[in-house]
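*Asks:* Provided herewith: final_8.cif, mmCIF, C-alpha atoms.
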```cif
data_entry
loop_
_atom_site.group_PDB
_atom_site.id
_atom_site.type_symbol
_atom_site.label_atom_id
_atom_site.label_comp_id
_atom_site.auth_asym_id
_atom_site.auth_seq_id
_atom_site.Cartn_x
_atom_site.Cartn_y
_atom_site.Cartn_z
ATOM 1 C CA MET I 1 -1.042 -29.073 22.579
ATOM 2 C CA LYS I 2 -2.495 -31.415 19.922
ATOM 3 C CA GLN I 3 -5.200 -28.868 19.146
ATOM 4 C CA LEU I 4 -2.530 -26.197 18.668
ATOM 5 C CA LEU I 5 -0.542 -28.378 16.274
ATOM 6 C CA ARG I 6 -3.632 -28.842 14.113
ATOM 7 C CA GLN I 7 -4.119 -25.084 13.573
ATOM 8 C CA PRO I 8 -3.541 -24.058 9.912
ATOM 9 C CA LEU I 9 -2.116 -20.686 10.915
ATOM 10 C CA LEU I 10 0.580 -22.344 12.995
ATOM 11 C CA HIS I 11 1.518 -24.501 10.002
ATOM 12 C CA PHE I 12 1.683 -21.396 7.843
ATOM 13 C CA LEU I 13 3.923 -19.524 10.282
ATOM 14 C CA LEU I 14 6.198 -22.517 10.862
ATOM 15 C CA ILE I 15 6.639 -23.061 7.138
ATOM 16 C CA GLY I 16 7.252 -19.353 6.656
ATOM 17 C CA GLY I 17 9.825 -19.374 9.441
ATOM 18 C CA MET I 18 11.598 -22.377 7.940
ATOM 19 C CA LEU I 19 11.671 -20.754 4.513
ATOM 20 C CA PHE I 20 13.061 -17.565 6.032
ATOM 21 C CA LEU I 21 15.774 -19.514 7.849
ATOM 22 C CA VAL I 22 16.693 -21.403 4.684
ATOM 23 C CA PHE I 23 16.791 -18.141 2.748
ATOM 24 C CA GLU I 24 19.059 -16.573 5.341
ATOM 25 C CA LEU I 25 21.418 -19.555 5.284
ATOM 26 C CA ILE I 26 21.538 -19.542 1.509
ATOM 27 C CA SER I 27 22.105 -15.781 1.430
ATOM 28 C CA LEU I 28 24.980 -15.969 3.883
ATOM 29 C CA LYS I 29 26.465 -18.940 2.077
ATOM 30 C CA SER I 30 26.179 -17.204 -1.287
ATOM 31 C CA ALA I 31 28.319 -14.384 0.046
ATOM 32 C CA ILE I 32 31.331 -16.662 -0.281
ATOM 33 C CA ALA I 33 30.030 -18.931 -3.050
ATOM 34 C CA PRO I 34 31.525 -18.683 -6.577
ATOM 35 C CA ASP I 35 28.276 -17.255 -8.023
ATOM 36 C CA ALA I 36 27.947 -14.619 -5.272
ATOM 37 C CA LYS I 37 29.448 -12.093 -7.685
ATOM 38 C CA THR I 38 26.797 -12.770 -10.324
ATOM 39 C CA ILE I 39 23.644 -10.629 -10.402
ATOM 40 C CA VAL I 40 20.865 -11.779 -12.705
ATOM 41 C CA ILE I 41 18.683 -8.975 -14.064
ATOM 42 C CA ASN I 42 15.460 -9.843 -15.863
ATOM 43 C CA HIS I 43 12.149 -8.184 -16.694
ATOM 44 C CA GLU I 44 10.398 -9.438 -13.531
ATOM 45 C CA ALA I 45 13.206 -8.252 -11.247
ATOM 46 C CA LEU I 46 13.095 -4.785 -12.796
ATOM 47 C CA LEU I 47 9.313 -4.542 -12.409
ATOM 48 C CA ASP I 48 9.565 -5.582 -8.745
ATOM 49 C CA PHE I 49 12.302 -3.013 -8.191
ATOM 50 C CA MET I 50 10.215 -0.245 -9.791
ATOM 51 C CA GLN I 51 7.230 -1.084 -7.585
ATOM 52 C CA TYR I 52 9.135 -1.292 -4.306
ATOM 53 C CA ARG I 53 11.051 1.887 -5.058
ATOM 54 C CA SER I 54 7.811 3.775 -5.790
ATOM 55 C CA GLN I 55 5.925 2.095 -2.913
ATOM 56 C CA ALA I 56 3.052 1.565 -5.319
ATOM 57 C CA PHE I 57 2.109 -1.936 -6.396
ATOM 58 C CA ASN I 58 0.446 -1.961 -9.793
ATOM 59 C CA ARG I 59 2.201 -4.406 -12.052
ATOM 60 C CA GLN I 60 0.280 -3.457 -15.172
ATOM 61 C CA TYR I 61 1.042 0.236 -14.721
ATOM 62 C CA PHE I 62 4.777 -0.299 -14.183
ATOM 63 C CA SER I 63 4.939 -2.773 -17.058
ATOM 64 C CA GLN I 64 3.575 -0.039 -19.320
ATOM 65 C CA GLN I 65 6.050 2.440 -17.837
ATOM 66 C CA PHE I 66 8.907 0.057 -18.490
ATOM 67 C CA ASP I 67 7.831 -0.544 -22.096
ATOM 68 C CA THR I 68 7.875 3.197 -22.821
ATOM 69 C CA MET I 69 11.282 3.825 -21.242
ATOM 70 C CA SER I 70 14.106 5.071 -23.420
ATOM 71 C CA PRO I 71 17.317 2.931 -23.558
ATOM 72 C CA PRO I 72 19.200 5.402 -21.295
ATOM 73 C CA ASP I 73 16.382 5.327 -18.712
ATOM 74 C CA ARG I 74 16.369 1.529 -18.733
ATOM 75 C CA GLN I 75 20.109 1.461 -18.232
ATOM 76 C CA ARG I 76 19.823 3.847 -15.270
ATOM 77 C CA LEU I 77 17.142 1.581 -13.805
ATOM 78 C CA ILE I 78 19.415 -1.452 -14.203
ATOM 79 C CA ASP I 79 22.348 0.431 -12.672
ATOM 80 C CA ASP I 80 20.224 1.408 -9.659
ATOM 81 C CA LEU I 81 19.059 -2.170 -9.141
ATOM 82 C CA VAL I 82 22.606 -3.532 -9.467
ATOM 83 C CA ARG I 83 23.926 -0.958 -6.995
ATOM 84 C CA GLU I 84 21.230 -1.852 -4.439
ATOM 85 C CA GLU I 85 21.768 -5.597 -4.832
ATOM 86 C CA VAL I 86 25.561 -5.266 -4.528
ATOM 87 C CA LEU I 87 25.299 -3.218 -1.329
ATOM 88 C CA TYR I 88 22.736 -5.667 0.083
ATOM 89 C CA ARG I 89 25.003 -8.663 -0.574
ATOM 90 C CA GLU I 90 28.049 -6.919 0.847
ATOM 91 C CA ALA I 91 26.081 -6.000 3.984
ATOM 92 C CA LEU I 92 25.060 -9.640 4.416
ATOM 93 C CA ALA I 93 28.654 -10.765 3.872
ATOM 94 C CA LEU I 94 29.741 -8.413 6.654
ATOM 95 C CA ARG I 95 26.834 -9.689 8.793
ATOM 96 C CA LEU I 96 25.595 -6.146 9.323
ATOM 97 C CA ASN I 97 22.133 -7.554 9.880
ATOM 98 C CA ASP I 98 23.193 -9.291 13.092
ATOM 99 C CA ASN I 99 21.665 -7.756 16.228
ATOM 100 C CA ASP I 100 20.174 -4.863 14.253
ATOM 101 C CA TYR I 101 17.014 -3.778 16.048
ATOM 102 C CA VAL I 102 15.642 -1.903 13.013
ATOM 103 C CA ILE I 103 15.873 -5.033 10.865
ATOM 104 C CA LYS I 104 14.412 -7.068 13.705
ATOM 105 C CA ARG I 105 11.390 -4.748 13.946
ATOM 106 C CA ARG I 106 10.897 -4.832 10.160
ATOM 107 C CA LEU I 107 10.860 -8.629 10.198
ATOM 108 C CA VAL I 108 8.425 -8.680 13.115
ATOM 109 C CA GLN I 109 6.147 -6.238 11.283
ATOM 110 C CA LYS I 110 6.384 -8.299 8.106
ATOM 111 C CA LEU I 111 5.380 -11.480 9.920
ATOM 112 C CA GLU I 112 2.503 -9.653 11.643
ATOM 113 C CA PHE I 113 1.388 -8.362 8.250
ATOM 114 C CA LEU I 114 1.524 -11.850 6.741
ATOM 115 C CA THR I 115 -0.444 -13.208 9.679
ATOM 116 C CA GLN I 116 -3.108 -10.524 9.289
ATOM 117 C CA GLY I 117 -3.329 -11.242 5.570
ATOM 118 C CA PHE I 118 -3.741 -14.954 6.234
ATOM 119 C CA ILE I 119 -6.584 -14.291 8.683
ATOM 120 C CA SER I 120 -8.224 -11.701 6.419
ATOM 121 C CA ALA I 121 -8.435 -14.294 3.672
ATOM 122 C CA GLY I 122 -10.596 -16.453 5.925
ATOM 123 C CA GLY I 123 -13.872 -14.953 4.665
ATOM 124 C CA GLY I 124 -16.142 -12.061 5.573
ATOM 125 C CA LEU I 125 -18.454 -11.618 8.516
ATOM 126 C CA THR I 126 -22.094 -12.634 8.470
ATOM 127 C CA GLU I 127 -24.868 -10.073 8.921
ATOM 128 C CA ALA I 128 -25.552 -11.530 12.369
ATOM 129 C CA GLU I 129 -21.911 -11.045 13.423
ATOM 130 C CA ILE I 130 -21.968 -7.447 12.183
ATOM 131 C CA LYS I 131 -25.141 -6.789 14.170
ATOM 132 C CA VAL I 132 -23.598 -8.211 17.332
ATOM 133 C CA TYR I 133 -20.517 -6.021 16.847
ATOM 134 C CA TYR I 134 -22.684 -2.942 16.335
ATOM 135 C CA ASN I 135 -24.710 -3.585 19.483
ATOM 136 C CA ASP I 136 -21.527 -4.163 21.498
ATOM 137 C CA HIS I 137 -19.922 -0.929 20.218
ATOM 138 C CA LYS I 138 -23.017 1.216 19.748
ATOM 139 C CA ASN I 139 -21.655 4.183 21.682
ATOM 140 C CA GLU I 140 -18.862 4.546 19.120
ATOM 141 C CA TYR I 141 -21.447 5.320 16.438
ATOM 142 C CA TYR I 142 -23.495 7.871 18.345
ATOM 143 C CA ALA I 143 -24.252 10.850 16.087
ATOM 144 C CA GLN I 144 -23.711 14.083 17.996
ATOM 145 C CA PRO I 145 -26.426 16.761 17.915
ATOM 146 C CA PHE I 146 -25.661 19.671 15.616
ATOM 147 C CA VAL I 147 -26.933 23.085 14.586
ATOM 148 C CA THR I 148 -26.661 25.294 11.531
ATOM 149 C CA PHE I 149 -26.786 29.034 12.185
ATOM 150 C CA THR I 150 -25.351 32.406 11.348
ATOM 151 C CA HIS I 151 -24.716 35.308 13.713
ATOM 152 C CA VAL I 152 -24.157 39.046 13.804
ATOM 153 C CA PHE I 153 -21.368 40.034 16.171
ATOM 154 C CA PHE I 154 -20.604 43.208 18.132
ATOM 155 C CA ASP I 155 -17.041 43.427 19.428
ATOM 156 C CA TYR I 156 -16.170 44.513 22.973
ATOM 157 C CA GLU I 157 -12.779 45.734 21.721
ATOM 158 C CA ARG I 158 -14.314 48.124 19.168
ATOM 159 C CA HIS I 159 -17.100 49.547 21.346
ATOM 160 C CA ASN I 160 -17.645 50.053 25.042
ATOM 161 C CA ARG I 161 -20.099 47.695 26.668
ATOM 162 C CA GLU I 162 -22.991 50.136 26.734
ATOM 163 C CA GLN I 163 -22.552 50.818 23.013
ATOM 164 C CA VAL I 164 -22.334 47.105 22.251
ATOM 165 C CA ARG I 165 -25.592 46.441 24.090
ATOM 166 C CA LEU I 166 -27.365 49.307 22.339
ATOM 167 C CA LEU I 167 -26.050 48.292 18.887
ATOM 168 C CA ALA I 168 -27.118 44.693 19.436
ATOM 169 C CA GLU I 169 -30.653 45.582 20.551
ATOM 170 C CA ASN I 170 -31.204 48.066 17.710
ATOM 171 C CA THR I 171 -29.803 45.693 15.107
ATOM 172 C CA LEU I 172 -31.944 42.824 16.414
ATOM 173 C CA ARG I 173 -35.057 44.902 15.787
ATOM 174 C CA GLU I 174 -33.823 45.729 12.288
ATOM 175 C CA LEU I 175 -32.956 42.140 11.417
ATOM 176 C CA ASN I 176 -36.366 40.867 12.483
ATOM 177 C CA GLY I 177 -38.177 43.822 10.933
ATOM 178 C CA LYS I 178 -36.528 43.207 7.551
ATOM 179 C CA GLN I 179 -36.473 39.412 8.042
ATOM 180 C CA VAL I 180 -32.811 39.378 7.015
ATOM 181 C CA ALA I 181 -31.863 35.989 5.547
ATOM 182 C CA PHE I 182 -28.966 33.680 6.379
ATOM 183 C CA ALA I 183 -26.963 34.766 3.324
ATOM 184 C CA ASP I 184 -27.243 38.487 4.146
ATOM 185 C CA SER I 185 -25.932 38.427 7.711
ATOM 186 C CA LEU I 186 -22.430 39.556 6.688
ATOM 187 C CA GLN I 187 -23.795 43.046 5.974
ATOM 188 C CA TYR I 188 -24.248 43.659 9.704
ATOM 189 C CA GLY I 189 -22.071 43.886 12.796
ATOM 190 C CA ASP I 190 -18.330 43.459 13.329
ATOM 191 C CA ARG I 191 -15.985 40.795 12.088
ATOM 192 C CA PHE I 192 -15.800 37.796 14.434
ATOM 193 C CA LEU I 193 -12.533 36.047 15.322
ATOM 194 C CA TYR I 194 -13.786 32.705 13.979
ATOM 195 C CA HIS I 195 -16.682 32.190 11.534
ATOM 196 C CA ALA I 196 -19.817 34.022 10.478
ATOM 197 C CA ASN I 197 -21.696 30.863 9.464
ATOM 198 C CA TYR I 198 -21.746 27.560 11.361
ATOM 199 C CA VAL I 199 -23.001 24.555 9.409
ATOM 200 C CA GLU I 200 -23.833 21.303 11.218
ATOM 201 C CA ARG I 201 -21.605 22.036 14.200
ATOM 202 C CA THR I 202 -21.638 20.029 17.440
ATOM 203 C CA PRO I 203 -22.063 21.435 20.968
ATOM 204 C CA ASP I 204 -18.340 21.120 21.738
ATOM 205 C CA PHE I 205 -17.383 22.994 18.586
ATOM 206 C CA VAL I 206 -19.852 25.826 19.200
ATOM 207 C CA ALA I 207 -18.814 26.056 22.867
ATOM 208 C CA SER I 208 -15.158 26.374 21.859
ATOM 209 C CA HIS I 209 -16.026 29.589 19.978
ATOM 210 C CA PHE I 210 -18.905 31.074 21.980
ATOM 211 C CA GLY I 211 -18.539 29.600 25.456
ATOM 212 C CA VAL I 212 -20.576 26.854 27.099
ATOM 213 C CA ALA I 213 -23.487 29.058 28.252
ATOM 214 C CA THR I 214 -24.094 30.592 24.819
ATOM 215 C CA ALA I 215 -23.685 27.215 23.102
ATOM 216 C CA GLU I 216 -26.341 25.732 25.381
ATOM 217 C CA ALA I 217 -28.623 28.677 24.667
ATOM 218 C CA ILE I 218 -28.194 28.229 20.901
ATOM 219 C CA PHE I 219 -28.988 24.515 21.085
ATOM 220 C CA ALA I 220 -32.123 25.334 23.079
ATOM 221 C CA LEU I 221 -33.518 27.588 20.331
ATOM 222 C CA THR I 222 -36.195 26.586 17.835
ATOM 223 C CA PRO I 223 -35.040 26.739 14.203
ATOM 224 C CA ASP I 224 -36.677 29.590 12.288
ATOM 225 C CA ASP I 225 -35.117 31.089 9.148
ATOM 226 C CA LYS I 226 -37.111 34.339 9.655
ATOM 227 C CA HIS I 227 -36.471 35.045 13.320
ATOM 228 C CA TRP I 228 -33.290 36.347 14.958
ATOM 229 C CA TYR I 229 -32.563 35.685 18.652
ATOM 230 C CA GLY I 230 -30.356 37.450 21.144
ATOM 231 C CA PRO I 231 -28.306 39.104 22.191
ATOM 232 C CA TYR I 232 -26.098 36.331 23.636
ATOM 233 C CA GLU I 233 -22.771 37.053 25.276
ATOM 234 C CA SER I 234 -19.393 35.424 24.672
ATOM 235 C CA SER I 235 -16.031 36.528 26.005
ATOM 236 C CA TYR I 236 -15.573 38.537 22.780
ATOM 237 C CA GLY I 237 -18.846 40.477 22.670
ATOM 238 C CA LEU I 238 -22.542 40.057 21.897
ATOM 239 C CA HIS I 239 -24.128 37.857 19.232
ATOM 240 C CA LEU I 240 -27.471 37.811 17.412
ATOM 241 C CA ILE I 241 -28.379 34.323 16.214
ATOM 242 C CA LEU I 242 -30.383 33.056 13.235
ATOM 243 C CA LEU I 243 -30.838 29.308 13.706
ATOM 244 C CA ILE I 244 -32.068 27.480 10.595
ATOM 245 C CA LYS I 245 -31.438 23.825 11.443
ATOM 246 C CA LYS I 246 -31.081 21.642 14.524
ATOM 247 C CA GLU I 247 -30.684 17.878 14.838
ATOM 248 C CA SER I 248 -30.809 15.947 18.086
ATOM 249 C CA GLY I 249 -28.169 13.392 18.944
ATOM 250 C CA ARG I 250 -29.092 9.825 18.048
ATOM 251 C CA PHE I 251 -27.918 6.304 17.461
ATOM 252 C CA PRO I 252 -28.169 5.656 13.705
ATOM 253 C CA GLU I 253 -29.836 2.500 12.451
ATOM 254 C CA LEU I 254 -27.378 -0.201 11.450
ATOM 255 C CA ALA I 255 -28.591 -0.056 7.838
ATOM 256 C CA GLU I 256 -27.472 3.586 7.603
ATOM 257 C CA ILE I 257 -23.843 2.810 8.440
ATOM 258 C CA ILE I 258 -23.576 -0.879 7.552
ATOM 259 C CA GLU I 259 -20.408 -0.543 5.463
ATOM 260 C CA ARG I 260 -18.593 1.425 8.151
ATOM 261 C CA VAL I 261 -19.578 -1.087 10.828
ATOM 262 C CA ARG I 262 -18.617 -4.002 8.577
ATOM 263 C CA ASP I 263 -15.124 -2.553 8.053
ATOM 264 C CA ASP I 264 -14.679 -1.868 11.772
ATOM 265 C CA ALA I 265 -15.900 -5.359 12.716
ATOM 266 C CA GLU I 266 -13.612 -7.068 10.212
ATOM 267 C CA GLN I 267 -10.597 -5.062 11.376
ATOM 268 C CA ALA I 268 -11.411 -5.894 14.991
ATOM 269 C CA ARG I 269 -11.703 -9.584 14.133
ATOM 270 C CA VAL I 270 -8.361 -9.564 12.312
ATOM 271 C CA ARG I 271 -6.658 -7.823 15.251
ATOM 272 C CA GLU I 272 -8.185 -10.219 17.757
ATOM 273 C CA LYS I 273 -7.354 -13.388 15.827
ATOM 274 C CA THR I 274 -3.877 -12.141 14.927
ATOM 275 C CA GLU I 275 -3.078 -11.498 18.564
ATOM 276 C CA ALA I 276 -4.555 -14.861 19.577
ATOM 277 C CA ALA I 277 -2.513 -16.689 16.922
ATOM 278 C CA ILE I 278 0.700 -14.940 17.955
ATOM 279 C CA ASN I 279 0.003 -15.675 21.622
ATOM 280 C CA ASP I 280 -0.501 -19.355 20.750
ATOM 281 C CA ILE I 281 2.939 -19.419 19.142
ATOM 282 C CA VAL I 282 4.496 -17.507 22.044
ATOM 283 C CA LYS I 283 3.253 -20.277 24.332
ATOM 284 C CA THR I 284 5.335 -22.822 22.404
ATOM 285 C CA TYR I 285 8.537 -21.062 23.535
ATOM 286 C CA ALA I 286 10.270 -21.500 26.863
ATOM 287 C CA VAL I 287 11.242 -18.242 28.557
ATOM 288 C CA LYS I 288 14.162 -18.109 30.979
ATOM 289 C CA ILE I 289 14.539 -15.008 33.147
ATOM 290 C CA ILE I 290 17.969 -14.596 34.693
ATOM 291 C CA PRO I 291 17.885 -12.547 37.932
ATOM 292 C CA ASP I 292 20.234 -9.587 38.348
#
```
What would you get if you wrote out this structure as structure tokens?

*Replies:*
Amino acid sequence: MKQLLRQPLLHFLLIGGMLFLVFELISLKSAIAPDAKTIVINHEALLDFMQYRSQAFNRQYFSQQFDTMSPPDRQRLIDDLVREEVLYREALALRLNDNDYVIKRRLVQKLEFLTQGFISAGGGLTEAEIKVYYNDHKNEYYAQPFVTFTHVFFDYERHNREQVRLLAENTLRELNGKQVAFADSLQYGDRFLYHANYVERTPDFVASHFGVATAEAIFALTPDDKHWYGPYESSYGLHLILLIKKESGRFPELAEIIERVRDDAEQARVREKTEAAINDIVKTYAVKIIPD
């Protein structure tokens, strides 16, 4: 218990909670106070209103926008702010915020956000910590194998199967005889349902278009920008393949993806410490469960 009371985050949350309670009491009291009907509008309040309304927080930008506003535009801005503030105060006076689950969730989210911000400000991770995170989550960074190829397609719906086979075999001889290049493949065959060219595509992606058996056959080929392979069958017809690039699956070196891993590790740390801090505070509450 003593160790918990010494935690800076707990102090921060307790102070924040006290300030929120005081603010709520003052707000409710002001609803019946003599100055509750007075709304003070100044430059800072208008800039805040502009930022929250636009959901973009760039004080310098909105300050410049405000300075270039015409008098009518400024008056409309003031009118909008006054209208919002009046409705807010009247809602508080009617205690419309009581037992409102939407408001409750917004406050919970705001406190979680403040907690995350407090933890994030605690400093970055060391290189050693990043390395440990990478080794513990290495499978998440596995680079899938991929291939780059083009194909010439012969459609079962346009030709009978004997014609398709004959067209494919004759065209294969022509393609290899002329050493037809990647860029010229569109001059041959029928139009395929999906793509003509596949650039750096994974086994799952290729299988989704050609079927598992043909995808496996393509990944087993040796890249050669002068040699066409085939024919290979899919559920749509026959394909002639020109494979120009193939990369095996691998685990990248940490140095290759250090920034990505750093971001992931820092986010994981913030989530973990946020949850731990909230759980510590939850433990300070007594929970009574009333049976049905």

*Asks:* Compare I:Leu77, I:Ile130, I:Ile258, I:Ile39 by their minimum atom-to-atom distance to Arg89 of chain I, counting all atoms listed in the file, and give me the closest one.

*Replies:*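 That would be I:Ile39, the residue with the smallest distance to Arg89 of chain I.
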
*Asks:* Residues of segment 162-189 of chain I within 10 Å of segment 195-218 of chain I: nearest atom pair and distance (Å, one decimal) for each, counting all atoms listed in the file, sorted by chain and number, as JSON lines?

*Replies:*
```
{"residue": "I:Phe182", "atom": "CA", "partner": "I:Asn197", "partner_atom": "CA", "distance": 8.4}
{"residue": "I:Ala183", "atom": "CA", "partner": "I:Asn197", "partner_atom": "CA", "distance": 9.0}
{"residue": "I:Ser185", "atom": "CA", "partner": "I:Ala196", "partner_atom": "CA", "distance": 8.0}
{"residue": "I:Leu186", "atom": "CA", "partner": "I:Ala196", "partner_atom": "CA", "distance": 7.2}
```

*Asks:* Would you work out the distance separating atom CA of Arg262 of chain I from atom CA of Tyr134 of chain I, expressed in Å to one decimal?

*Replies:*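 Going from atom CA of Arg262 of chain I over to atom CA of Tyr134 of chain I, I get 8.8 Å.
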
*Asks:* Set the distance at 10 Å and use only C-alpha atoms: which residues neighbour segment 65-68 of chain I once local chain neighbours fewer than 2 positions away are removed? I'd like the list as a count of residues only.

*Replies:* 14

*Asks:* Mind dumping a table of every segment 168-207 of chain I residue within 9 Å of segment 228-241 of chain I, with the nearest atom pair and its distance in Å to one decimal, using only C-alpha atoms, sorted by chain and rising number, as a Markdown table?

*Replies:*
```
| residue | atom | partner | partner_atom | distance |
| --- | --- | --- | --- | --- |
| I:Ala168 | CA | I:Pro231 | CA | 6.3 |
| I:Glu169 | CA | I:Pro231 | CA | 7.1 |
| I:Thr171 | CA | I:Leu240 | CA | 8.5 |
| I:Leu172 | CA | I:Trp228 | CA | 6.8 |
| I:Arg173 | CA | I:Trp228 | CA | 8.8 |
| I:Leu175 | CA | I:Trp228 | CA | 6.8 |
| I:Asn176 | CA | I:Trp228 | CA | 6.0 |
| I:Gln179 | CA | I:Trp228 | CA | 8.2 |
| I:Val180 | CA | I:Trp228 | CA | 8.5 |
| I:Phe192 | CA | I:Tyr236 | CA | 8.4 |
| I:Leu193 | CA | I:Tyr236 | CA | 8.4 |
```

*Asks:* So which residues touch Ala265 of chain I within 7 Å, counting only C-alpha atoms, skipping near sequence neighbours fewer than 4 positions away, as a ChimeraX atom specification?

*Replies:* /I:130,133,261,269

*Asks:* For segment 90-114 of chain I, which lacks atoms in the input, supply N, CA and C atoms and format the output as a PDB file, in the frame of the given file.

*Replies:*
```
ATOM      1  N   GLU I  90      26.860  -7.246   0.062  1.00  0.00           N
ATOM      2  CA  GLU I  90      28.049  -6.919   0.847  1.00  0.00           C
ATOM      3  C   GLU I  90      27.688  -6.740   2.325  1.00  0.00           C
ATOM      4  N   ALA I  91      26.528  -6.158   2.598  1.00  0.00           N
ATOM      5  CA  ALA I  91      26.081  -6.000   3.984  1.00  0.00           C
ATOM      6  C   ALA I  91      25.844  -7.347   4.638  1.00  0.00           C
ATOM      7  N   LEU I  92      25.253  -8.300   3.876  1.00  0.00           N
ATOM      8  CA  LEU I  92      25.060  -9.640   4.416  1.00  0.00           C
ATOM      9  C   LEU I  92      26.399 -10.327   4.653  1.00  0.00           C
ATOM     10  N   ALA I  93      27.330 -10.140   3.723  1.00  0.00           N
ATOM     11  CA  ALA I  93      28.654 -10.765   3.872  1.00  0.00           C
ATOM     12  C   ALA I  93      29.362 -10.258   5.128  1.00  0.00           C
ATOM     13  N   LEU I  94      29.141  -8.989   5.452  1.00  0.00           N
ATOM     14  CA  LEU I  94      29.741  -8.413   6.654  1.00  0.00           C
ATOM     15  C   LEU I  94      28.887  -8.655   7.896  1.00  0.00           C
ATOM     16  N   ARG I  95      27.751  -9.363   7.706  1.00  0.00           N
ATOM     17  CA  ARG I  95      26.834  -9.689   8.793  1.00  0.00           C
ATOM     18  C   ARG I  95      26.351  -8.435   9.527  1.00  0.00           C
ATOM     19  N   LEU I  96      26.080  -7.388   8.729  1.00  0.00           N
ATOM     20  CA  LEU I  96      25.595  -6.146   9.323  1.00  0.00           C
ATOM     21  C   LEU I  96      24.170  -6.274   9.822  1.00  0.00           C
ATOM     22  N   ASN I  97      23.506  -7.340   9.424  1.00  0.00           N
ATOM     23  CA  ASN I  97      22.133  -7.554   9.880  1.00  0.00           C
ATOM     24  C   ASN I  97      22.070  -8.180  11.263  1.00  0.00           C
ATOM     25  N   ASP I  98      23.184  -8.656  11.772  1.00  0.00           N
ATOM     26  CA  ASP I  98      23.193  -9.291  13.092  1.00  0.00           C
ATOM     27  C   ASP I  98      22.914  -8.248  14.174  1.00  0.00           C
ATOM     28  N   ASN I  99      21.980  -8.600  15.072  1.00  0.00           N
ATOM     29  CA  ASN I  99      21.665  -7.756  16.228  1.00  0.00           C
ATOM     30  C   ASN I  99      21.270  -6.328  15.847  1.00  0.00           C
ATOM     31  N   ASP I 100      20.654  -6.179  14.688  1.00  0.00           N
ATOM     32  CA  ASP I 100      20.174  -4.863  14.253  1.00  0.00           C
ATOM     33  C   ASP I 100      18.693  -4.757  14.611  1.00  0.00           C
ATOM     34  N   TYR I 101      18.390  -3.855  15.551  1.00  0.00           N
ATOM     35  CA  TYR I 101      17.014  -3.778  16.048  1.00  0.00           C
ATOM     36  C   TYR I 101      16.055  -3.288  14.966  1.00  0.00           C
ATOM     37  N   VAL I 102      16.508  -2.408  14.076  1.00  0.00           N
ATOM     38  CA  VAL I 102      15.642  -1.903  13.013  1.00  0.00           C
ATOM     39  C   VAL I 102      15.214  -3.038  12.097  1.00  0.00           C
ATOM     40  N   ILE I 103      16.186  -3.884  11.710  1.00  0.00           N
ATOM     41  CA  ILE I 103      15.873  -5.033  10.865  1.00  0.00           C
ATOM     42  C   ILE I 103      14.963  -6.001  11.614  1.00  0.00           C
ATOM     43  N   LYS I 104      15.232  -6.177  12.892  1.00  0.00           N
ATOM     44  CA  LYS I 104      14.412  -7.068  13.705  1.00  0.00           C
ATOM     45  C   LYS I 104      12.962  -6.598  13.720  1.00  0.00           C
ATOM     46  N   ARG I 105      12.750  -5.287  13.922  1.00  0.00           N
ATOM     47  CA  ARG I 105      11.390  -4.748  13.946  1.00  0.00           C
ATOM     48  C   ARG I 105      10.715  -4.898  12.586  1.00  0.00           C
ATOM     49  N   ARG I 106      11.465  -4.695  11.495  1.00  0.00           N
ATOM     50  CA  ARG I 106      10.897  -4.832  10.160  1.00  0.00           C
ATOM     51  C   ARG I 106      10.447  -6.268   9.918  1.00  0.00           C
ATOM     52  N   LEU I 107      11.235  -7.230  10.380  1.00  0.00           N
ATOM     53  CA  LEU I 107      10.860  -8.629  10.198  1.00  0.00           C
ATOM     54  C   LEU I 107       9.639  -8.978  11.038  1.00  0.00           C
ATOM     55  N   VAL I 108       9.593  -8.457  12.267  1.00  0.00           N
ATOM     56  CA  VAL I 108       8.425  -8.680  13.115  1.00  0.00           C
ATOM     57  C   VAL I 108       7.179  -8.105  12.457  1.00  0.00           C
ATOM     58  N   GLN I 109       7.281  -6.876  11.945  1.00  0.00           N
ATOM     59  CA  GLN I 109       6.147  -6.238  11.283  1.00  0.00           C
ATOM     60  C   GLN I 109       5.725  -7.011  10.043  1.00  0.00           C
ATOM     61  N   LYS I 110       6.712  -7.541   9.323  1.00  0.00           N
ATOM     62  CA  LYS I 110       6.384  -8.299   8.106  1.00  0.00           C
ATOM     63  C   LYS I 110       5.638  -9.576   8.457  1.00  0.00           C
ATOM     64  N   LEU I 111       6.064 -10.259   9.509  1.00  0.00           N
ATOM     65  CA  LEU I 111       5.380 -11.480   9.920  1.00  0.00           C
ATOM     66  C   LEU I 111       3.974 -11.168  10.443  1.00  0.00           C
ATOM     67  N   GLU I 112       3.831 -10.067  11.190  1.00  0.00           N
ATOM     68  CA  GLU I 112       2.503  -9.653  11.643  1.00  0.00           C
ATOM     69  C   GLU I 112       1.595  -9.351  10.453  1.00  0.00           C
ATOM     70  N   PHE I 113       2.165  -8.688   9.448  1.00  0.00           N
ATOM     71  CA  PHE I 113       1.388  -8.362   8.250  1.00  0.00           C
ATOM     72  C   PHE I 113       0.954  -9.626   7.525  1.00  0.00           C
ATOM     73  N   LEU I 114       1.871 -10.591   7.396  1.00  0.00           N
ATOM     74  CA  LEU I 114       1.524 -11.850   6.741  1.00  0.00           C
ATOM     75  C   LEU I 114       0.441 -12.592   7.525  1.00  0.00           C
TER      76      LEU I 114
END
```
